[in-house]
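Single-structure report; data block below.
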Amino acid sequence: MSADRTPASRTLAAALRGLLFGAGFVCAVAGAVALLNCVQLRRADPLNSPLRLEAIRAAQSQPANADLVAEARRLDLLARRAFFSAQTLAEQAGRLLWIGAALILGAIAGARWLEPRVAPPPAPLPTPDVGEREARAARRAVAAYLALLIAGGAAAARTLRARPAGAPGDVAPPPTTNQPALPEDSALAEAWPSFRGHFGRGGRDRPAPTRWDVPTGRNVRWSIEVPRPGFSSPIFWNSRVFLTGADTSTAELYAFCADTGRLLWRHEARDVPGSPRTPPKTSEEVGLAAPTPTTDGLRVYAMFGTGDLIACDLEGRRLWARHLGSPKNPYGHSSSPIAVRGRLIVQFDDETGGRLLALDGATGRTIWETRRDVRPGWSTPVAAEHNGRLRIGVLAQPFFAVYDWADGRELWRVPELEAEIGTSPAFADGRWYAGNDNTRFVAADDVDGRVLWETDEDLPDVASPLVWRGLVVLAASSGIVTARDAATGEKLWSQEWEEGFYASPVAAGEAIYLLDRAGRARVVRAARQFELIAENPVGEECGATPALAGDRLYLRTRHRLIAIEEATTAPTAP
């Protein structure tokens, strides 16, 4: 059919042109709104309002003053409403931009399809000058529209990039009268509440046993079989040792009596909404219970390779549970959550990218979530406080980055860490330490991420670095242990053994503990020259990092949990 015989096609073409202009107008308005919303939120963030923060500080300093607490809650509620209104506006503007862009593309495609079927109405040809001016005006209009579209989309994405779902900020909301106070950091530092201890420090000043022999029972207070397998490390709080275990049918959190080894309770991670019926496949060296549990002194949290996360009170009663998604990881999920001042920090890196989450410890709801363009990894985040600022260090391929604990904003990053990342970062004396075998190991300044020194020699791929008494100790899977000067990176000593290390080195006083995969623990002095203090047989394969608490050392082997204590000549029956 010829073009002059298709009035329906001409009508449809006119409708498509109207749709094109209408969608363009909607996108332009949505982009402008998103941009203005982002600018307004950056100029006056309601959650960081001085009036709100001052009211919260006053309420926290005088929790018995009902008027102060009520005023703080009122201002906090208003700030939350304003913040989430801005978030909702950004969400809606971003959605309109996507819809408008899709309609524009569809209208353009339809118009191009109809073009040969519609006879254009006769019109006088423009003069060259007029045609050129019209073309320039059209190009400027298209460029301005595209710029507004891109700016609006970027503004909406930036506003939603780190989405708090609670009350972010350096100051927590006023305490409720029915919620007990969290223990002080000093009390947690004396225990061992997370993987590698409080804030991932990896050591404590109080000495611990340096000589034992598990097969003969020398200095073994007790030894007990763990009900289910796992590579999670033990943690300690309030005379209890917590651990996880899992197989393809059951995942559990355990609490053992620290004095006797008796199993006090076990809690099964079942009936978690969204949890897969069939657990993901994992390698034998990771399994489904690789993440180490953590506690804030009020609650204990455990994550499993299924993506299930549970929170219990100290008596084993469940408080909440969440499924964060089935990890798409070639070996299995092993990153451990860490409890930091009432929040639970979770690093979830898999084939879909990376997520760093802060959850409310009491309820499990998301406070903020930051998306990260990374590849699958097995590293655990580390919290550190320096110059009054609390930060989270996160290592993953291809970069190491530091985030603000308050709202999840990335503060800086160190790039060019291209390798499968299994180690976790470390922090001490204003410096971050991060790296992995097959890439490089760096020391970076906490303020701006400036690299102070780096090396690519004899690096670990599983065991995390220990920074202790001016040393950086690296235990590699090859069996080589290296000590470097923490400030300069100078190599101080290196020692090679037959077996490699999966367990991270830990320290107590002047002693550094190195537990190899075959089950032999070497104790060396924290000094600038190598000095072996003792070699202690454990008698079973070891991959978990030891825990230090009180006068004891707690070891998790392939099948058992063991308490080491000086002057104990025979195992104590649980």
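Chain lettering (A, B, ...) mirrors the order of the structure tokens, residue numbering begins at 1 for each chain separately, and ligand numbering begins at 1 in order of display.
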
Residues near Ser283 (chain A), anyone? I mean within 9 Å using only C-alpha atoms, not counting same-chain ones fewer than 5 positions away, as a PDB file with all heavy atoms, in the first residue's frame.
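Generated file (part21.pdb):
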```
ATOM      1  N   PRO A 330      31.699 -19.349  44.012  1.00  0.00           N
ATOM      2  CA  PRO A 330      32.217 -20.632  43.521  1.00  0.00           C
ATOM      3  C   PRO A 330      32.676 -21.584  44.620  1.00  0.00           C
ATOM      4  O   PRO A 330      32.735 -22.782  44.394  1.00  0.00           O
ATOM      5  CB  PRO A 330      33.400 -20.213  42.630  1.00  0.00           C
ATOM      6  CG  PRO A 330      33.748 -18.835  43.053  1.00  0.00           C
ATOM      7  CD  PRO A 330      32.474 -18.200  43.508  1.00  0.00           C
ATOM      8  N   TYR A 331      33.008 -21.084  45.812  1.00  0.00           N
ATOM      9  CA  TYR A 331      33.467 -21.959  46.902  1.00  0.00           C
ATOM     10  C   TYR A 331      32.486 -22.003  48.068  1.00  0.00           C
ATOM     11  O   TYR A 331      32.451 -22.972  48.817  1.00  0.00           O
ATOM     12  CB  TYR A 331      34.828 -21.496  47.425  1.00  0.00           C
ATOM     13  CG  TYR A 331      35.881 -21.393  46.353  1.00  0.00           C
ATOM     14  CD1 TYR A 331      36.413 -20.162  45.989  1.00  0.00           C
ATOM     15  CD2 TYR A 331      36.335 -22.530  45.686  1.00  0.00           C
ATOM     16  CE1 TYR A 331      37.378 -20.049  45.001  1.00  0.00           C
ATOM     17  CE2 TYR A 331      37.295 -22.435  44.688  1.00  0.00           C
ATOM     18  CZ  TYR A 331      37.811 -21.192  44.354  1.00  0.00           C
ATOM     19  OH  TYR A 331      38.761 -21.089  43.370  1.00  0.00           O
ATOM     20  N   GLY A 332      31.708 -20.953  48.241  1.00  0.00           N
ATOM     21  CA  GLY A 332      30.799 -20.862  49.372  1.00  0.00           C
ATOM     22  C   GLY A 332      31.042 -19.571  50.140  1.00  0.00           C
ATOM     23  O   GLY A 332      32.107 -18.957  50.050  1.00  0.00           O
TER      24      GLY A 332
END
```

List as a Markdown table every residue of region 265-322 of chain A that is in contact with region 334-347 of chain A, defined as an atom at most 6 Å from one of its atoms (using only C-alpha atoms), together with the nearest atom pair and the distance in Å rounded to one decimal, sorted by chain and then rising number.
```
| residue | atom | partner | partner_atom | distance |
| --- | --- | --- | --- | --- |
| A:Ala290 | CA | A:Ser334 | CA | 4.7 |
| A:Pro291 | CA | A:Ser336 | CA | 4.3 |
| A:Thr292 | CA | A:Ser336 | CA | 5.1 |
| A:Thr294 | CA | A:Ile338 | CA | 5.7 |
| A:Thr295 | CA | A:Ala339 | CA | 5.9 |
| A:Asp296 | CA | A:Ala339 | CA | 5.5 |
```

Show me, as a ChimeraX atom specification, the residues that have an atom within 6 Å of Tyr301 (chain A) when counting only C-alpha atoms, minus same-chain residues fewer than 2 positions from it. /A:293-294,310-311
